[in-house]
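Have a look at the structure below, then the notes.
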Amino acid sequence: MTFYTEEKTISKLLRLPLLLSLPMLVLLALLASCKSNENPMEKGPLNDGSGERTQIVIISDMHMGADLAYAECNMNLDALAAFLTAVAESPTVRELVIAGDLLDEWFVPATTDTYAGMDQADFVDRIASANSEVIGAINRIIGEGRILVTYVPGNHDLTITAENVDRILPGIRQARDDVQGLGTYSPIDHPEIAIEHGHRYNFFCAPDPLSNVTIAPGSILPPGYFFTRIATLHVVQGCETAGDTLREVTPNIEGDASQELTYAYWAIWKGLMQSLPVENSFDENIIVTNINGFTETYAINDLVPFQETPGGFIDMNLYKGSMDNWDERQTANNVPVHIPTMQALTEAATDTGTDDQADLQYFSNPDSEVRIVVFGHTHVARIIPGENHNGQKTIYVNSGTWIDHNPNGSTMNFVVITPQGSDADSLTVVKLYRMNNAAMEELAADSIRL
């Protein structure tokens with residue numbers, strides 16, 4: 001893991017919130033509650049009353065975009081800025097960790113040029129401009145120097161470079177692996193806590209530097225990127241009836257395990273396209289790239305497996321070979337305990353599939369001593385207690401999201417970890433909250449002796 005500290009600066013793969021608006025009166029009430037609820041002189045979620053800076057606050061999945069016309073986080077931006085102001089004014093918060101999907105390169109309509117003919121630096125500048133109050137609030141925390149701020153990459157900001165993050169958030173720490181788009185962070189003096197976005201275990205969302213090397217040299221964009229571009233087009237179009245249907249594929253009767261996996265991959269795409277229809281023909285070149293090594297404009301049929309004859313060989317254009325290189329891809333992405341390809345495919349759509357990785361990769365892994373894991377990615381905020389390979393208690397937390405509308409649960413979530421004191425009876429307390437009108441509402445809590 002490398003920290004960058006220079007002085008410069010499938011929605012979830014399969015989480016597709018609708019772009020809804022909040023009535024102005026509700027928004028104003030929320031803003032007032034955010035600003036008044038957490039008085040730094042009063043004990044509360046962001047003030048444990050100790051007078052010492054020990055608390056660790058984790059947020060993730062803000063999904064800030066360059067164009068608020070379709071960005072997933074719009075109406076919640078003021079509340080997010082107000083929450084960050086409350087963090088800045090807290091007398092007991094020691095660290096703020098942003099656990100991925102702060103910036104969003106994925107949730108962009110398929111027909112839109114993400115960089116608008118410019119480059120990633122300009123795109124990031126446009127995000128900073130469109131979300132200026134939030135970026136300003138984070139920069140205030142960084143600049144005041146009382147609270148350590150750390151960013152961990154997610155899949156929607158997978159290709160955004162450390163330099164471009166630092167471009168708009170000068171002085172922020174970045175917890176990055178030696179692999180672009182991945183990182184794991186343990187707060188200072190707390191190696192028993194691991195915070196990462198959680199996408200490295202997802203077939204559709206983990207970096208893929210292998211499958212498209214001849215088509216897009218140097219690219220790491222996984223198939224979930226393209227699916228999200230199509231899904232965003234569905235949201236923008238408000239399409240209810242598809243303009244086309246996928247080419248039918250049947251199992252290869254003489255195929256090997258790779259062909260079985262490719263058929264499963266096709267079936268997943270079929271389900272996705274039925275659930276999220278678009279008006280366009282599937283042969284129409286609508287997916288504008290010009291990003292991360294891709295230069296062509298692609299059709300939906302370029303992404304989906306196809307078959308020349310029923311029961312025959314199932315072929316692919318983009319991501320050809322991805323069924324066979326998943327194990328190698330996991331090695332490249334520093335996955336400690338490898339997941340079988342079929343499991344990775346079938347669990348990609350489930351929030352529990354990501355949650356279960358906390359146990360597999362950390363708690364059940366005899367090479368790990370981590371006992372608290374925080375993921376984002378799924379947008380499903382929860383706390384799950386468990387037990388590790390040594391029979392010790394563990395806690396898994398998902399930090400939820402800040403998108404405007406979350407069909408999978410609450411939004412405007414945050415996690416607070418209050419480390420135990422020196423007293424032998426003291427416990428490390430983990431709490432999950434959401435902003436809810438006039439209150440920071442506690443959703444779940446647990447404790448552990450580390």
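As shown in the structure tokens, the chain order sets the letters A, B, ...; within each chain, residues go from 1, and ligands are also counted from 1 in the order they appear.
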Give me, as a compact mmCIF listing (two decimals) with N, CA and C atoms, in the first residue's frame, all polymer residues having an atom no more than 9 Å from Gly238 in chain A, counting only C-alpha atoms and skipping those fewer than 3 positions away in the same chain.
# COMPACT_ATOMS: atom_id res chain seq x y z
N LEU A 233 -27.95 5.11 -19.27
CA LEU A 233 -28.76 5.49 -20.42
C LEU A 233 -30.22 5.10 -20.20
N HIS A 234 -30.43 3.91 -19.64
CA HIS A 234 -31.80 3.48 -19.30
C HIS A 234 -32.47 4.46 -18.36
N VAL A 235 -31.75 4.90 -17.34
CA VAL A 235 -32.30 5.83 -16.36
C VAL A 235 -32.64 7.16 -17.03
N PRO A 277 -34.03 -1.87 -19.79
CA PRO A 277 -34.08 -1.72 -21.25
C PRO A 277 -33.65 -0.34 -21.71
N VAL A 278 -33.15 -0.27 -22.92
CA VAL A 278 -32.85 1.00 -23.58
C VAL A 278 -33.58 1.01 -24.93
Using DSSP secondary structure from the backbone, list all helix (DSSP H, G or I) positions within range 90-304 of chain A, as a ChimeraX atom specification.
/A:120-130,132-144,162-166,199-201,223-237,257-275,300-302
List as a PyMOL selection string the protein and nucleic acid residues near range 130-139 of chain A, meaning an atom at most 8 Å away when only C-alpha atoms are counted, but skip any in the same chain fewer than 6 places from it.
chain A and resi 64-68+77-78+80-81+84-85+168-170
Could those residues be written to a file, using C-alpha atoms, as a CSV table (one decimal), in the first residue's frame?
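Wrote result12.csv, looks like this:
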chain,number,residue,atom,x,y,z
A,64,MET,CA,-20.3,12.7,-7.2
A,65,GLY,CA,-20.5,13.4,-11.0
A,66,ALA,CA,-19.5,16.1,-13.3
A,67,ASP,CA,-23.1,16.7,-14.6
A,68,LEU,CA,-25.8,17.0,-11.9
A,77,LEU,CA,-25.1,17.2,-1.7
A,78,ASP,CA,-26.0,20.0,0.8
A,80,LEU,CA,-23.3,15.8,2.8
A,81,ALA,CA,-21.5,19.2,3.0
A,84,LEU,CA,-18.7,17.1,6.8
A,85,THR,CA,-18.8,20.5,8.5
A,168,ILE,CA,-8.9,18.8,-6.1
A,169,LEU,CA,-8.1,17.6,-2.6
A,170,PRO,CA,-4.5,18.7,-2.0
Selected residue of minimal separation from Asn292 in chain A among A:Leu427, A:Met323, A:Val213, A:Ala162, counting only C-alpha atoms:
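Of A:Leu427, A:Met323, A:Val213, A:Ala162, the one nearest Asn292 in chain A, counting only C-alpha atoms, is A:Val213.
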Closest to Asn317 in chain A among A:Asn333, A:Ala299, A:Asp356, A:Ala71, using only C-alpha atoms?
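Looking at the shortest contact to Asn317 in chain A, the residue is A:Ala299.
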As an exercise, work out the distance from CA of Asn398 in chain A to CA of Asp359 in chain A in Å and give it to one decimal place.
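For CA of Asn398 in chain A relative to CA of Asp359 in chain A, the distance reads 12.9 Å.
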Surrounding residues of range 188-199 of chain A excluding itself and chain neighbours under 3 positions, 9 Å, only C-alpha atoms, as a VMD selection string:
chain A and resid 58 60 to 61 95 97 99 to 101 152 to 155 182 to 185 202 to 207 354 to 355 357 to 358 362 368 to 378 419 450
Surrounding residues of range 250-259 of chain A excluding itself and chain neighbours under 4 positions, 12 Å, only C-alpha atoms, as a PyMOL selection string
chain A and resi 263-267+305-316+320-326+340-342
Show me, as JSON lines, the residues of range 263-352 of chain A having an atom within 8 Å of range 219-224 of chain A, each with the closest atom pair and its distance in Å, using only C-alpha atoms.
{"residue": "A:Asn292", "atom": "CA", "partner": "A:Ser219", "partner_atom": "CA", "distance": 5.2}
{"residue": "A:Gly293", "atom": "CA", "partner": "A:Ser219", "partner_atom": "CA", "distance": 5.0}
{"residue": "A:Phe294", "atom": "CA", "partner": "A:Ser219", "partner_atom": "CA", "distance": 7.1}
{"residue": "A:Leu303", "atom": "CA", "partner": "A:Pro223", "partner_atom": "CA", "distance": 8.0}
{"residue": "A:Tyr319", "atom": "CA", "partner": "A:Pro223", "partner_atom": "CA", "distance": 7.3}
Those residues with N, CA and C atoms, as a CSV table (one decimal), in the first residue's frame please?
chain,number,residue,atom,x,y,z
A,292,ASN,N,-9.4,5.4,-20.7
A,292,ASN,CA,-8.7,4.3,-20.2
A,292,ASN,C,-8.3,3.3,-21.3
A,293,GLY,N,-7.8,3.8,-22.4
A,293,GLY,CA,-7.3,2.9,-23.4
A,293,GLY,C,-8.3,2.5,-24.5
A,294,PHE,N,-9.6,2.7,-24.2
A,294,PHE,CA,-10.6,2.4,-25.2
A,294,PHE,C,-10.8,3.7,-26.0
A,303,LEU,N,-20.6,-6.5,-26.4
A,303,LEU,CA,-20.3,-6.9,-25.0
A,303,LEU,C,-20.8,-8.3,-24.6
A,319,TYR,N,-13.9,-8.6,-23.7
A,319,TYR,CA,-13.7,-9.4,-22.6
A,319,TYR,C,-13.6,-10.9,-22.9
Quick one: of A:Trp402, A:Trp106, A:Tyr433, A:Tyr201, who's nearest to Val335 in chain A, counting only C-alpha atoms?
A:Tyr201
Non-local contacts of Glu328 in chain A (10 Å; only C-alpha atoms; under 6 positions in same chain excluded) as number ranges by chain
A: 208, 210, 322, 338
Quick check for you: according to DSSP on this backbone, which residues of range 129-218 of chain A are classed as strand (DSSP E or B)? Reply as a compact mmCIF listing (two decimals) with all heavy atoms, in the first residue's frame.
# COMPACT_ATOMS: atom_id res chain seq x y z
N LEU A 148 -7.18 13.58 10.33
CA LEU A 148 -6.49 12.95 9.20
C LEU A 148 -7.53 12.45 8.20
O LEU A 148 -8.46 11.73 8.57
CB LEU A 148 -5.65 11.79 9.70
CG LEU A 148 -4.73 11.11 8.68
CD1 LEU A 148 -3.64 12.06 8.23
CD2 LEU A 148 -4.13 9.85 9.29
N VAL A 149 -7.39 12.82 6.93
CA VAL A 149 -8.35 12.42 5.90
C VAL A 149 -7.66 11.47 4.92
O VAL A 149 -6.60 11.79 4.37
CB VAL A 149 -8.90 13.64 5.14
CG1 VAL A 149 -9.97 13.19 4.13
CG2 VAL A 149 -9.49 14.66 6.11
N THR A 150 -8.27 10.31 4.70
CA THR A 150 -7.69 9.29 3.83
C THR A 150 -8.73 8.84 2.81
O THR A 150 -9.89 8.60 3.15
CB THR A 150 -7.23 8.07 4.65
OG1 THR A 150 -6.31 8.49 5.65
CG2 THR A 150 -6.57 7.03 3.75
N TYR A 151 -8.30 8.73 1.58
CA TYR A 151 -9.15 8.25 0.48
C TYR A 151 -8.70 6.86 0.05
O TYR A 151 -7.50 6.59 -0.10
CB TYR A 151 -9.06 9.23 -0.70
CG TYR A 151 -9.43 8.67 -2.05
CD1 TYR A 151 -10.76 8.60 -2.46
CD2 TYR A 151 -8.44 8.21 -2.92
CE1 TYR A 151 -11.09 8.08 -3.71
CE2 TYR A 151 -8.77 7.69 -4.17
CZ TYR A 151 -10.10 7.63 -4.56
OH TYR A 151 -10.42 7.13 -5.79
N VAL A 152 -9.68 5.97 -0.17
CA VAL A 152 -9.44 4.63 -0.69
C VAL A 152 -10.22 4.50 -2.00
O VAL A 152 -11.38 4.87 -2.06
CB VAL A 152 -9.93 3.56 0.32
CG1 VAL A 152 -9.64 2.16 -0.20
CG2 VAL A 152 -9.31 3.77 1.69
N ARG A 173 -4.50 12.02 2.11
CA ARG A 173 -3.76 10.77 2.05
C ARG A 173 -4.53 9.79 1.18
O ARG A 173 -5.77 9.78 1.19
CB ARG A 173 -3.58 10.17 3.44
CG ARG A 173 -2.78 11.05 4.40
CD ARG A 173 -2.64 10.37 5.74
NE ARG A 173 -1.65 9.33 5.73
CZ ARG A 173 -1.57 8.34 6.63
NH1 ARG A 173 -2.47 8.25 7.58
NH2 ARG A 173 -0.62 7.44 6.56
N GLN A 174 -3.81 8.97 0.43
CA GLN A 174 -4.45 7.99 -0.44
C GLN A 174 -3.89 6.60 -0.14
O GLN A 174 -2.68 6.37 -0.24
CB GLN A 174 -4.24 8.36 -1.90
CG GLN A 174 -4.84 9.71 -2.26
CD GLN A 174 -4.80 9.97 -3.75
OE1 GLN A 174 -5.17 9.13 -4.55
NE2 GLN A 174 -4.34 11.17 -4.11
N ALA A 175 -4.77 5.71 0.27
CA ALA A 175 -4.39 4.33 0.57
C ALA A 175 -4.57 3.51 -0.69
O ALA A 175 -5.69 3.13 -1.04
CB ALA A 175 -5.23 3.78 1.71
N ARG A 176 -3.48 3.25 -1.38
CA ARG A 176 -3.53 2.55 -2.66
C ARG A 176 -2.61 1.33 -2.64
O ARG A 176 -1.50 1.39 -2.11
CB ARG A 176 -3.12 3.47 -3.81
CG ARG A 176 -4.10 4.61 -4.08
CD ARG A 176 -3.61 5.48 -5.22
NE ARG A 176 -4.55 6.54 -5.56
CZ ARG A 176 -5.48 6.47 -6.53
NH1 ARG A 176 -5.60 5.37 -7.23
NH2 ARG A 176 -6.28 7.49 -6.77
N THR A 184 -6.41 -0.74 0.50
CA THR A 184 -6.93 -1.12 1.82
C THR A 184 -6.25 -0.25 2.86
O THR A 184 -5.04 -0.01 2.79
CB THR A 184 -6.64 -2.61 2.12
OG1 THR A 184 -7.20 -3.41 1.09
CG2 THR A 184 -7.24 -3.01 3.46
N TYR A 185 -7.01 0.22 3.83
CA TYR A 185 -6.48 1.13 4.83
C TYR A 185 -6.75 0.64 6.24
O TYR A 185 -7.87 0.21 6.55
CB TYR A 185 -7.10 2.52 4.65
CG TYR A 185 -6.62 3.52 5.69
CD1 TYR A 185 -5.29 3.91 5.74
CD2 TYR A 185 -7.51 4.07 6.62
CE1 TYR A 185 -4.85 4.81 6.70
CE2 TYR A 185 -7.08 4.99 7.57
CZ TYR A 185 -5.74 5.35 7.61
OH TYR A 185 -5.30 6.26 8.56
N ILE A 193 -8.09 -3.24 12.18
CA ILE A 193 -9.19 -2.70 11.39
C ILE A 193 -8.75 -2.60 9.94
O ILE A 193 -7.67 -2.08 9.65
CB ILE A 193 -9.62 -1.30 11.89
CG1 ILE A 193 -10.06 -1.36 13.36
CG2 ILE A 193 -10.74 -0.73 11.03
CD1 ILE A 193 -10.31 0.02 13.98
N ALA A 194 -9.58 -3.10 9.01
CA ALA A 194 -9.29 -2.99 7.58
C ALA A 194 -10.47 -2.33 6.89
O ALA A 194 -11.62 -2.75 7.06
CB ALA A 194 -9.03 -4.37 6.96
N ILE A 195 -10.17 -1.30 6.10
CA ILE A 195 -11.20 -0.57 5.37
C ILE A 195 -10.85 -0.62 3.88
O ILE A 195 -9.77 -0.20 3.48
CB ILE A 195 -11.27 0.90 5.83
CG1 ILE A 195 -11.54 0.98 7.34
CG2 ILE A 195 -12.36 1.66 5.06
CD1 ILE A 195 -11.30 2.37 7.93
N GLU A 196 -11.75 -1.16 3.08
CA GLU A 196 -11.58 -1.11 1.63
C GLU A 196 -12.96 -1.01 0.99
O GLU A 196 -13.98 -1.20 1.65
CB GLU A 196 -10.80 -2.32 1.10
CG GLU A 196 -11.43 -3.68 1.32
CD GLU A 196 -10.70 -4.77 0.55
OE1 GLU A 196 -10.55 -4.62 -0.68
OE2 GLU A 196 -10.31 -5.78 1.18
Contacts of Ala242 in chain A within 9 Å, only C-alpha atoms, excl. fewer than 5 positions in-chain, as a PyMOL selection string:
chain A and resi 273-274+276-281
May I have the selected residues written with C-alpha atoms, as a JSON list (two decimals), in the first residue's frame?
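Wrote result-v1.json, looks like this:
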[["chain", "number", "residue", "atom", "x", "y", "z"],
["A", 273, "MET", "CA", -30.84, -6.04, -20.36],
["A", 274, "GLN", "CA", -34.37, -7.24, -19.67],
["A", 276, "LEU", "CA", -32.91, -2.20, -17.67],
["A", 277, "PRO", "CA", -34.08, -1.72, -21.25],
["A", 278, "VAL", "CA", -32.85, 1.00, -23.58],
["A", 279, "GLU", "CA", -34.52, 2.37, -26.70],
["A", 280, "ASN", "CA", -31.59, 1.65, -29.02],
["A", 281, "SER", "CA", -30.87, -1.26, -31.31]]
